[in-house]
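Peer 1: Quick one, run.cif (mmCIF, C-alpha atoms):
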```cif
data_upload
loop_
_atom_site.label_atom_id
_atom_site.label_comp_id
_atom_site.auth_asym_id
_atom_site.auth_seq_id
_atom_site.Cartn_x
_atom_site.Cartn_y
_atom_site.Cartn_z
CA MET A 248 0.00 0.00 0.00
CA ASN A 249 1.43 3.42 -0.87
CA PRO A 250 2.11 5.83 2.04
CA ILE A 251 -0.70 8.24 1.11
CA MET A 252 -3.36 5.54 1.17
CA LEU A 253 -1.86 4.17 4.36
CA PHE A 254 -2.15 7.59 6.01
CA ILE A 255 -5.74 7.97 4.84
CA HIS A 256 -6.67 4.55 6.15
CA LYS A 257 -5.01 5.18 9.49
CA THR A 258 -6.54 8.61 10.07
CA GLY A 259 -9.79 7.23 8.74
CA SER A 260 -9.93 4.82 11.64
CA PRO A 261 -12.01 6.38 14.44
CA PRO A 262 -10.06 4.87 17.40
CA TRP A 263 -6.74 6.06 15.92
CA PHE A 264 -8.16 9.53 15.20
CA TYR A 265 -9.71 9.74 18.66
CA GLN A 266 -6.49 8.83 20.43
CA LYS A 267 -4.07 11.03 18.42
CA THR A 268 -6.25 14.14 18.37
CA GLY A 269 -6.58 13.78 22.14
CA TYR A 270 -2.88 14.62 22.40
CA LEU A 271 -3.03 17.36 19.78
CA ILE A 272 -6.01 19.39 21.01
CA PRO A 273 -4.47 20.87 24.20
CA TRP A 274 -1.55 22.17 22.13
CA LEU A 275 -3.86 23.79 19.62
CA TRP A 276 -5.78 25.53 22.41
CA ALA A 277 -2.52 26.68 24.01
CA ILE A 278 -1.17 28.17 20.78
CA PHE A 279 -4.54 29.81 20.13
CA LEU A 280 -4.58 31.43 23.57
CA VAL A 281 -1.00 32.70 23.35
CA LEU A 282 -1.46 34.13 19.85
CA THR A 283 -4.80 35.70 20.76
CA ALA A 284 -3.31 37.35 23.83
CA ILE A 285 -0.46 38.80 21.73
CA GLY A 286 -2.79 39.77 18.87
CA LEU A 287 -5.34 41.48 21.12
CA TYR A 288 -2.64 43.34 23.03
CA LEU A 289 -0.98 44.57 19.84
CA GLY A 290 -4.28 45.34 18.15
CA PHE A 291 -6.23 46.95 20.97
CA VAL A 292 -3.42 48.57 22.95
CA LYS A 293 -0.28 49.04 20.86
CA ALA A 294 -1.55 49.61 17.32
CA PRO A 295 -2.01 53.25 16.27
CA VAL A 296 -5.43 54.71 15.54
CA ASP A 297 -6.43 55.29 11.94
CA TYR A 298 -6.18 58.73 10.35
CA GLN A 299 -9.85 58.67 9.36
CA GLN A 300 -11.57 56.05 11.51
CA GLY A 301 -9.87 56.84 14.81
CA THR A 302 -10.07 53.99 17.30
CA THR A 303 -12.95 52.30 15.46
CA VAL A 304 -10.30 50.77 13.18
CA ARG A 305 -9.62 48.21 15.94
CA ILE A 306 -12.80 46.34 15.03
CA MET A 307 -10.81 45.23 11.98
CA TYR A 308 -8.69 42.90 14.17
CA LEU A 309 -11.80 40.83 14.92
CA HIS A 310 -13.78 41.40 11.74
CA VAL A 311 -11.22 40.53 9.07
CA PRO A 312 -9.88 37.28 10.63
CA SER A 313 -13.48 36.09 11.21
CA ALA A 314 -14.50 36.93 7.66
CA TRP A 315 -11.48 35.08 6.27
CA MET A 316 -12.27 32.07 8.46
CA SER A 317 -15.91 32.07 7.39
CA MET A 318 -14.79 31.56 3.80
CA MET A 319 -11.85 29.26 4.47
CA ILE A 320 -13.89 26.84 6.56
CA TYR A 321 -16.57 26.61 3.90
CA GLY A 322 -13.88 25.97 1.30
CA PHE A 323 -12.49 23.15 3.44
CA MET A 324 -15.96 21.70 3.86
CA ALA A 325 -16.45 21.69 0.09
CA ILE A 326 -13.11 19.97 -0.57
CA MET A 327 -13.58 17.40 2.21
CA GLY A 328 -17.19 16.91 1.14
CA PHE A 329 -16.08 16.22 -2.42
CA ILE A 330 -13.58 13.55 -1.33
CA ALA A 331 -16.07 12.12 1.13
CA LEU A 332 -18.74 11.81 -1.56
CA VAL A 333 -16.53 10.08 -4.10
CA TRP A 334 -14.42 7.89 -1.82
CA ARG A 335 -16.93 7.51 1.03
CA ILE A 336 -14.41 8.25 3.76
CA ARG A 337 -16.37 8.41 6.97
CA MET A 338 -13.83 10.47 8.90
CA LEU A 339 -14.10 13.26 6.32
CA GLU A 340 -17.89 13.21 6.54
CA VAL A 341 -17.53 13.73 10.28
CA LEU A 342 -15.09 16.60 9.70
CA VAL A 343 -17.44 18.32 7.22
CA ILE A 344 -20.35 18.26 9.61
CA SER A 345 -18.20 19.27 12.60
CA SER A 346 -16.85 22.28 10.68
CA ALA A 347 -20.25 23.79 9.95
CA PRO A 348 -21.07 25.25 13.41
CA VAL A 349 -17.58 26.79 13.70
CA GLY A 350 -17.90 28.35 10.25
CA ALA A 351 -21.38 29.66 11.05
CA ALA A 352 -20.07 31.25 14.25
CA PHE A 353 -17.24 33.03 12.40
CA THR A 354 -19.70 34.23 9.74
CA MET A 355 -21.93 35.65 12.45
CA ILE A 356 -19.00 37.39 14.15
CA ALA A 357 -17.93 38.87 10.80
CA LEU A 358 -21.46 40.16 10.13
CA LEU A 359 -21.95 41.57 13.64
CA THR A 360 -18.56 43.27 13.96
CA GLY A 361 -19.00 44.59 10.43
CA SER A 362 -22.27 46.24 11.26
CA MET A 363 -20.83 47.65 14.49
CA TRP A 364 -18.14 49.26 12.33
CA GLY A 365 -20.59 50.29 9.64
CA ARG A 366 -22.85 52.30 11.95
CA PRO A 367 -20.27 54.97 12.91
CA MET A 368 -18.23 54.82 9.67
CA TRP A 369 -20.73 54.41 6.85
CA GLY A 370 -23.70 55.75 8.76
CA THR A 371 -25.70 52.50 8.62
CA PHE A 372 -25.74 49.06 10.26
CA TRP A 373 -26.61 47.24 7.09
CA VAL A 374 -26.96 47.74 3.34
CA TRP A 375 -27.87 45.22 0.69
CA ASP A 376 -24.70 45.55 -1.32
CA ALA A 377 -23.08 42.56 -3.03
CA ARG A 378 -20.44 41.89 -0.34
CA LEU A 379 -22.76 42.02 2.66
CA THR A 380 -25.53 40.10 0.93
CA SER A 381 -23.27 37.28 -0.28
CA GLU A 382 -21.77 36.93 3.22
CA LEU A 383 -25.29 36.67 4.63
CA VAL A 384 -26.03 33.97 2.03
CA LEU A 385 -22.95 32.14 3.35
CA LEU A 386 -24.46 32.17 6.85
CA PHE A 387 -27.65 30.64 5.47
CA LEU A 388 -25.62 28.02 3.60
CA TYR A 389 -23.99 27.01 6.90
CA PHE A 390 -27.45 26.81 8.50
CA GLY A 391 -28.59 24.77 5.51
CA VAL A 392 -25.75 22.26 5.90
CA ILE A 393 -26.49 21.86 9.63
CA ALA A 394 -30.24 21.55 9.07
CA LEU A 395 -29.83 19.06 6.25
CA TYR A 396 -27.56 16.89 8.39
CA ASN A 397 -30.06 16.90 11.23
CA ALA A 398 -32.97 16.08 8.91
CA TYR A 399 -31.76 12.48 8.45
CA ASP A 400 -31.72 9.74 11.06
CA GLU A 401 -28.97 7.78 9.39
CA PRO A 402 -25.69 9.72 9.96
CA ARG A 403 -23.83 8.48 6.85
CA LYS A 404 -26.72 9.43 4.56
CA ALA A 405 -27.09 12.76 6.38
CA ALA A 406 -23.40 13.53 5.95
CA ARG A 407 -23.56 12.80 2.21
CA ALA A 408 -26.46 15.22 1.76
CA ALA A 409 -24.64 17.84 3.82
CA SER A 410 -21.44 17.27 1.79
CA LEU A 411 -23.31 17.81 -1.45
CA LEU A 412 -24.75 21.11 -0.21
CA SER A 413 -21.23 22.18 0.89
CA ILE A 414 -19.94 21.57 -2.62
CA VAL A 415 -22.82 23.34 -4.36
CA GLY A 416 -22.68 26.30 -1.96
CA ALA A 417 -18.96 26.79 -2.58
CA PHE A 418 -19.89 28.78 -5.67
CA ASN A 419 -20.77 31.58 -3.30
CA LEU A 420 -17.13 31.87 -2.19
CA PRO A 421 -15.71 33.52 -5.35
CA ILE A 422 -18.81 35.74 -5.37
CA ILE A 423 -18.04 36.96 -1.84
CA TYR A 424 -14.36 37.40 -2.61
CA PHE A 425 -14.72 39.25 -5.92
CA SER A 426 -17.99 41.07 -5.11
CA VAL A 427 -16.08 44.26 -4.29
CA GLU A 428 -14.35 44.15 -7.69
CA TRP A 429 -17.18 43.01 -9.92
CA TRP A 430 -19.79 45.44 -8.67
CA ASN A 431 -20.02 48.83 -7.00
CA THR A 432 -20.34 48.11 -3.31
CA LEU A 433 -20.41 50.15 -0.15
CA HIS A 434 -17.92 47.71 1.35
CA GLN A 435 -14.32 48.67 0.59
CA GLY A 436 -12.13 46.55 -1.64
CA SER A 437 -9.31 44.28 -0.50
CA SER A 438 -6.37 46.04 1.15
CA PHE A 439 -3.99 43.46 -0.25
CA GLY A 440 -2.45 43.59 -3.70
CA GLY A 441 -3.94 47.00 -4.59
CA ASP A 442 -1.87 49.97 -5.71
CA GLY A 443 -2.74 52.11 -2.69
CA PRO A 444 -0.80 52.17 0.59
CA GLY A 445 -3.02 49.33 1.93
CA ILE A 446 -2.56 48.59 5.63
CA HIS A 447 0.28 50.17 7.57
CA PRO A 448 2.69 47.53 9.01
CA GLU A 449 1.91 48.50 12.62
CA MET A 450 -1.73 47.59 11.94
CA LEU A 451 -0.95 44.66 9.65
CA TRP A 452 0.97 42.64 12.26
CA PRO A 453 -1.78 42.37 14.86
CA LEU A 454 -4.18 41.52 12.03
CA LEU A 455 -2.00 38.68 10.76
CA ILE A 456 -1.41 37.35 14.29
CA MET A 457 -5.15 37.32 14.99
CA ALA A 458 -5.75 35.63 11.63
CA THR A 459 -3.28 32.89 12.59
CA ALA A 460 -4.76 32.55 16.08
CA VAL A 461 -8.27 31.85 14.83
CA LYS A 462 -6.94 29.05 12.62
CA PHE A 463 -5.75 27.26 15.75
CA PHE A 464 -9.13 27.91 17.34
CA TYR A 465 -10.78 26.27 14.34
CA GLY A 466 -8.39 23.30 14.58
CA ALA A 467 -9.01 22.75 18.28
CA ASN A 468 -12.75 23.29 18.07
CA LEU A 469 -13.15 21.14 14.95
CA LEU A 470 -11.22 18.19 16.37
CA THR A 471 -13.11 18.37 19.68
CA ARG A 472 -16.43 18.36 17.83
CA ALA A 473 -15.31 15.55 15.53
CA ARG A 474 -14.33 13.41 18.55
CA LEU A 475 -17.72 13.98 20.15
CA THR A 476 -19.51 13.11 16.91
CA LEU A 477 -17.49 9.89 16.66
CA LEU A 478 -18.32 8.92 20.24
CA LYS A 479 -22.02 9.57 19.61
CA GLN A 480 -22.11 7.63 16.35
CA ASP A 481 -20.03 4.72 17.65
CA HIS A 482 -21.39 4.47 21.17
CA ARG A 483 -22.30 0.81 20.66
CA LYS A 484 -18.97 -0.09 19.08
CA ARG A 485 -16.20 -1.95 20.78
CA TRP A 486 -13.58 0.84 20.88
CA VAL A 487 -15.92 3.25 22.62
CA GLN A 488 -16.99 0.62 25.13
CA ASP A 489 -13.33 -0.15 25.85
CA LEU A 490 -12.64 3.54 26.28
CA VAL A 491 -15.48 3.92 28.75
CA SER A 492 -14.46 0.88 30.79
CA GLU A 493 -10.88 2.17 30.91
CA GLU A 494 -12.07 5.40 32.45
CA HIS A 495 -13.91 3.61 35.23
CA MET B 138 -9.99 3.88 -9.32
CA THR B 139 -12.87 1.46 -9.01
CA PRO B 140 -15.85 1.80 -11.41
CA THR B 141 -18.16 2.78 -8.53
CA ARG B 142 -15.87 5.62 -7.48
CA LYS B 143 -15.48 6.73 -11.07
CA ARG B 144 -19.27 6.82 -11.42
CA ARG B 145 -19.61 8.90 -8.25
CA LEU B 146 -16.79 11.20 -9.34
CA ILE B 147 -18.50 11.85 -12.67
CA GLY B 148 -21.83 12.38 -10.90
CA VAL B 149 -20.38 14.98 -8.55
CA LEU B 150 -18.45 16.71 -11.35
CA VAL B 151 -21.61 16.97 -13.45
CA ILE B 152 -23.40 18.62 -10.51
CA ILE B 153 -20.50 21.03 -9.98
CA ILE B 154 -20.37 22.03 -13.65
CA GLY B 155 -24.15 22.42 -13.78
CA VAL B 156 -24.35 24.61 -10.71
CA GLY B 157 -21.31 26.58 -11.86
CA ALA B 158 -22.85 27.32 -15.24
CA ALA B 159 -26.18 28.23 -13.63
CA SER B 160 -24.55 30.67 -11.21
CA VAL B 161 -22.53 32.34 -13.99
CA VAL B 162 -25.73 32.84 -16.02
CA ALA B 163 -27.56 34.14 -12.94
CA MET B 164 -24.72 36.59 -12.19
CA LYS B 165 -24.78 37.88 -15.76
CA ALA B 166 -28.55 38.35 -15.60
CA LEU B 167 -28.39 40.10 -12.24
CA ASN B 168 -25.37 42.21 -13.11
CA GLU B 169 -27.24 45.50 -13.33
CA ASN B 170 -29.16 44.88 -10.09
CA MET B 171 -26.04 43.89 -8.20
CA LEU B 172 -24.63 47.38 -8.60
CA TYR B 173 -25.06 49.07 -5.29
CA PHE B 174 -24.86 52.60 -6.66
CA TRP B 175 -24.76 54.65 -9.84
CA SER B 176 -21.87 56.95 -10.64
CA PRO B 177 -22.61 60.51 -11.84
CA SER B 178 -21.53 59.44 -15.36
CA ASP B 179 -24.03 56.53 -15.33
CA VAL B 180 -26.75 58.96 -14.27
CA LYS B 181 -25.88 61.46 -17.03
CA GLU B 182 -25.85 58.71 -19.68
CA GLN B 183 -29.10 57.08 -18.65
CA SER B 184 -31.02 60.30 -17.86
CA VAL B 185 -32.75 59.19 -14.66
CA PRO B 186 -36.28 60.66 -14.40
CA ALA B 187 -37.16 62.99 -11.50
CA GLY B 188 -38.76 61.16 -8.58
CA LYS B 189 -37.08 57.78 -9.27
CA ARG B 190 -35.25 56.60 -6.16
CA ILE B 191 -31.61 55.77 -6.85
CA ARG B 192 -28.29 55.48 -5.03
CA LEU B 193 -25.72 57.92 -6.32
CA GLY B 194 -22.08 57.23 -5.50
CA GLY B 195 -18.95 59.32 -6.02
CA LEU B 196 -16.53 61.70 -4.36
CA VAL B 197 -17.52 64.91 -2.59
CA ALA B 198 -15.89 67.58 -4.79
CA GLY B 199 -13.31 69.73 -3.00
CA GLY B 200 -14.67 73.12 -1.88
CA SER B 201 -18.23 72.23 -2.83
CA VAL B 202 -19.72 71.68 0.64
CA SER B 203 -21.88 74.51 1.92
CA ARG B 204 -23.94 74.33 5.08
CA ALA B 205 -26.97 76.41 5.96
CA PRO B 206 -26.21 78.54 9.07
CA ASP B 207 -29.45 77.78 10.94
CA SER B 208 -30.31 74.18 9.99
CA LEU B 209 -28.81 70.81 9.12
CA GLU B 210 -29.22 71.51 5.43
CA VAL B 211 -26.10 70.93 3.42
CA SER B 212 -25.32 70.95 -0.27
CA PHE B 213 -22.34 69.47 -2.07
CA ILE B 214 -21.28 68.18 -5.46
CA VAL B 215 -20.86 64.46 -6.09
CA THR B 216 -18.34 63.78 -8.83
CA ASP B 217 -16.53 60.89 -10.45
CA GLY B 218 -14.12 63.10 -12.36
CA ALA B 219 -16.12 62.93 -15.59
CA ALA B 220 -19.54 64.16 -14.40
CA SER B 221 -20.76 66.14 -11.39
CA ILE B 222 -24.14 66.32 -9.70
CA GLU B 223 -25.37 68.89 -7.23
CA THR B 224 -26.74 67.13 -4.16
CA ARG B 225 -28.74 68.47 -1.21
CA PHE B 226 -29.32 66.79 2.11
CA ASP B 227 -31.08 67.66 5.33
CA GLY B 228 -29.94 65.43 8.16
CA ILE B 229 -27.02 64.00 10.10
CA LEU B 230 -23.96 63.15 8.04
CA PRO B 231 -21.71 60.18 8.91
CA ASP B 232 -18.37 60.84 10.68
CA LEU B 233 -16.33 60.14 7.58
CA PHE B 234 -18.16 62.71 5.45
CA ARG B 235 -15.74 65.35 4.18
CA GLU B 236 -14.50 66.87 0.96
CA GLY B 237 -12.68 64.32 -1.17
CA GLN B 238 -14.43 61.43 0.58
CA GLY B 239 -16.37 58.74 -1.25
CA VAL B 240 -20.09 58.93 -0.43
CA ILE B 241 -23.31 57.26 -1.44
CA ALA B 242 -26.40 59.45 -1.48
CA ILE B 243 -29.78 57.72 -1.51
CA GLY B 244 -32.60 59.82 -2.88
CA GLU B 245 -34.12 61.19 -6.05
CA PHE B 246 -33.74 63.97 -8.59
CA SER B 247 -35.94 67.00 -8.02
CA ARG B 248 -37.78 68.74 -10.88
CA GLU B 249 -35.23 71.56 -10.61
CA GLY B 250 -32.45 69.12 -11.52
CA TYR B 251 -30.52 68.74 -8.27
CA PHE B 252 -30.31 65.45 -6.37
CA GLN B 253 -32.26 65.44 -3.11
CA ALA B 254 -30.72 62.85 -0.78
CA ALA B 255 -32.81 61.25 1.95
CA GLU B 256 -29.78 59.46 3.36
CA VAL B 257 -26.02 59.87 2.94
CA LEU B 258 -23.54 57.05 3.60
CA ALA B 259 -19.77 57.45 3.66
CA LYS B 260 -17.67 54.96 1.77
CA HIS B 261 -14.37 53.99 3.33
CA ASP B 262 -11.38 52.99 1.22
CA GLU B 263 -9.05 50.03 1.72
CA ASN B 264 -6.18 52.09 3.18
CA TYR B 265 -5.49 52.06 6.90
CA MET B 266 -2.70 54.10 8.46
CA PRO B 267 -1.80 56.19 11.50
CA PRO B 268 -2.44 59.96 11.22
CA GLU B 269 1.30 60.77 11.06
CA VAL B 270 1.74 58.53 8.04
CA ALA B 271 -1.29 60.05 6.34
CA ASP B 272 0.16 63.53 6.91
CA ALA B 273 3.53 62.47 5.56
CA LEU B 274 1.91 60.96 2.48
CA GLU B 275 -0.09 64.10 1.89
CA LYS B 276 3.04 66.24 2.16
CA ALA B 277 4.76 63.98 -0.33
CA GLY B 278 2.01 64.83 -2.77
CA HIS B 279 -0.23 61.77 -2.63
CA THR B 280 -3.92 62.38 -2.46
CA GLU B 281 -5.73 60.81 0.45
CA SER B 282 -9.17 60.96 -1.06
CA GLY B 283 -11.46 58.04 -0.33
CA GLN B 284 -13.26 55.81 -2.86
#
```
Let me see the structure of the file written as structure tokens.

Peer 2:
Amino acid sequence: MNPIMLFIHKTGSPPWFYQKTGYLIPWLWAIFLVLTAIGLYLGFVKAPVDYQQGTTVRIMYLHVPSAWMSMMIYGFMAIMGFIALVWRIRMLEVLVISSAPVGAAFTMIALLTGSMWGRPMWGTFWVWDARLTSELVLLFLYFGVIALYNAYDEPRKAARAASLLSIVGAFNLPIIYFSVEWWNTLHQGSSFGGDGPGIHPEMLWPLLIMATAVKFFYGANLLTRARLTLLKQDHRKRWVQDLVSEEH
Amino acid sequence: MTPTRKRRLIGVLVIIIGVGAASVVAMKALNENMLYFWSPSDVKEQSVPAGKRIRLGGLVAGGSVSRAPDSLEVSFIVTDGAASIETRFDGILPDLFREGQGVIAIGEFSREGYFQAAEVLAKHDENYMPPEVADALEKAGHTESGQ
């Protein structure tokens, strides 16, 4: 068996996954906490205020990482869902469905912090421009994936339906990303890769640190959820029973 | 790859291509409606009738803002460089409103030809910097106008 298939088969085995992620999760939480502490300190205490926005610019350190995560997690779900559908790998089905609540939470944070910023800066909490609307559609797609999964009694069937919706919904991702270029929007364009000054380095660093921190949050949260889902699905299986008897 | 997996792969790919094509067609059809605002040039070209509610977006022309001394009434010119439109507004402007700033005015054209805004939103640009850097840039001759 080639090493790639071997790795897939190993990680695809619930007892192996359960045991190894058990060691990994505390480290992910620790790195998340350290990076968040540094990022929040730099962003909310050390970083300078903006020449136009004043101190309101600090909302960016929560808003932008959350918005990036909302899209990245959905992208992961689509890729994992695709592999899960074609190769029927159960572990990936579990990861798809465990990602959805985390992604939905980040989408909500992005929308809420965005409207908190919009009220003083734009003069409104909400407008129906292409960027805001497509991000709201993303939230509903997450809700759709969760609802579809819960609509079935049989978890494997449920996960396949949810995977399919993840793949189909992924077409919203380029729409969100390019909305500010394709159409006139109230939302500003991307600060990266433009010809303007973009983001000053003293503001960019806390932003990048926060963006890295939330990735560890996703990792820790996702793996914890996936372990719980495995325990629930396999509660009659031998490895779970062994695990429970070990604890007692 | 086993025949079953190949069959599933083709099935999923067909769905992806189908949905992809459908969303491209939908985007093309919606293109006009997805525009959040009209620029002054768009408005001049299309001759918007008086009383039709639109969103007008552009920069506040430098030196064009004049405020009434005893009320909130303000008038300014919205421009995109090519065309300019006189705009009037009676209400509270957002913090970012200033000359050179990108704004979106929601309202309609009056019979007299000026644009009567019922609401004015400020558009922020994608540049973030401390005040000292902004000053330095301005001294070096860069414009700091929003849009």

Peer 1: The PyMOL selection byres ((chain B) within 7 of (chain A)) - which residues does that actually catch in the file I just gave you? List them as a CSV table (one decimal) with C-alpha atoms, in the frame of the given file.

Peer 2:
```
chain,number,residue,atom,x,y,z
B,142,ARG,CA,-15.9,5.6,-7.5
B,145,ARG,CA,-19.6,8.9,-8.2
B,146,LEU,CA,-16.8,11.2,-9.3
B,153,ILE,CA,-20.5,21.0,-10.0
B,156,VAL,CA,-24.4,24.6,-10.7
B,157,GLY,CA,-21.3,26.6,-11.9
B,171,MET,CA,-26.0,43.9,-8.2
B,172,LEU,CA,-24.6,47.4,-8.6
B,173,TYR,CA,-25.1,49.1,-5.3
B,174,PHE,CA,-24.9,52.6,-6.7
B,231,PRO,CA,-21.7,60.2,8.9
B,232,ASP,CA,-18.4,60.8,10.7
B,233,LEU,CA,-16.3,60.1,7.6
B,258,LEU,CA,-23.5,57.0,3.6
B,259,ALA,CA,-19.8,57.4,3.7
B,260,LYS,CA,-17.7,55.0,1.8
B,261,HIS,CA,-14.4,54.0,3.3
B,262,ASP,CA,-11.4,53.0,1.2
B,263,GLU,CA,-9.0,50.0,1.7
B,264,ASN,CA,-6.2,52.1,3.2
B,265,TYR,CA,-5.5,52.1,6.9
B,266,MET,CA,-2.7,54.1,8.5
B,267,PRO,CA,-1.8,56.2,11.5
B,268,PRO,CA,-2.4,60.0,11.2
B,271,ALA,CA,-1.3,60.0,6.3
```

Peer 1: Using the chain letters and numbers from this file, what does the PyMOL selection byres ((chain A and resi 284-287) around 12) select? Give the answer as a VMD selection string.

Peer 2: chain A and resid 277 to 283 288 to 294 305 to 309 312 449 to 461

Peer 1: Would you work out the distance separating atom CA of Glu210 of chain B from atom CA of Glu223 of chain B, expressed in Å to one decimal?

Peer 2: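 So the two atoms, atom CA of Glu210 of chain B and atom CA of Glu223 of chain B, lie 13.5 Å apart.
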
Peer 1: Edge lengths and centre in Å to one decimal, as AutoDock Vina command-line options, is what I'm after for the box along x, y and z that holds all listed atoms of segment 476-490 of chain A once 3 Å is added on each side.

Peer 2:
```
--center_x -17.5 --center_y 5.6 --center_z 21.3 --size_x 15.7 --size_y 21.1 --size_z 15.9
```

Peer 1: Report the distance between atom CA of Arg472 of chain A and atom CA of Ser345 of chain A in Å, rounded to one decimal place.

Peer 2: 5.6 Å

Peer 1: Just want the 9 Å neighbourhood of Leu386 of chain A, counted on all atoms listed in the file, with same-chain residues fewer than 5 positions away dropped. Output as a tab-separated table (two decimals) with C-alpha atoms, in the frame of the given file.

Peer 2:
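Output contents, as saved in around.tsv:
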```tsv
chain	number	residue	atom	x	y	z
A	317	SER	CA	-15.91	32.07	7.39
A	350	GLY	CA	-17.90	28.35	10.25
A	351	ALA	CA	-21.38	29.66	11.05
A	352	ALA	CA	-20.07	31.25	14.25
A	354	THR	CA	-19.70	34.23	9.74
A	355	MET	CA	-21.93	35.65	12.45
A	381	SER	CA	-23.27	37.28	-0.28
A	391	GLY	CA	-28.59	24.77	5.51
```

Peer 1: For a test of reading the model, state the distance in Å between atom CA of Arg192 of chain B and atom CA of Ile356 of chain A, rounded to one decimal.

Peer 2: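 The value is 28.0 Å.
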
Peer 1: Could you list the residues chosen by the PyMOL selection byres ((chain A and resi 395) around 9) in this structure as number ranges by chain?

Peer 2: A: 390-394, 396-399, 405-406, 408-409, 412

Peer 1: Restricting the calculation to all atoms listed in the file: of A:Leu253, A:Val311, A:Leu271, A:Val427, which residue gets closest to Thr360 of chain A?

Peer 2: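 Nearest candidate to Thr360 of chain A out of A:Leu253, A:Val311, A:Leu271, A:Val427: A:Val311.
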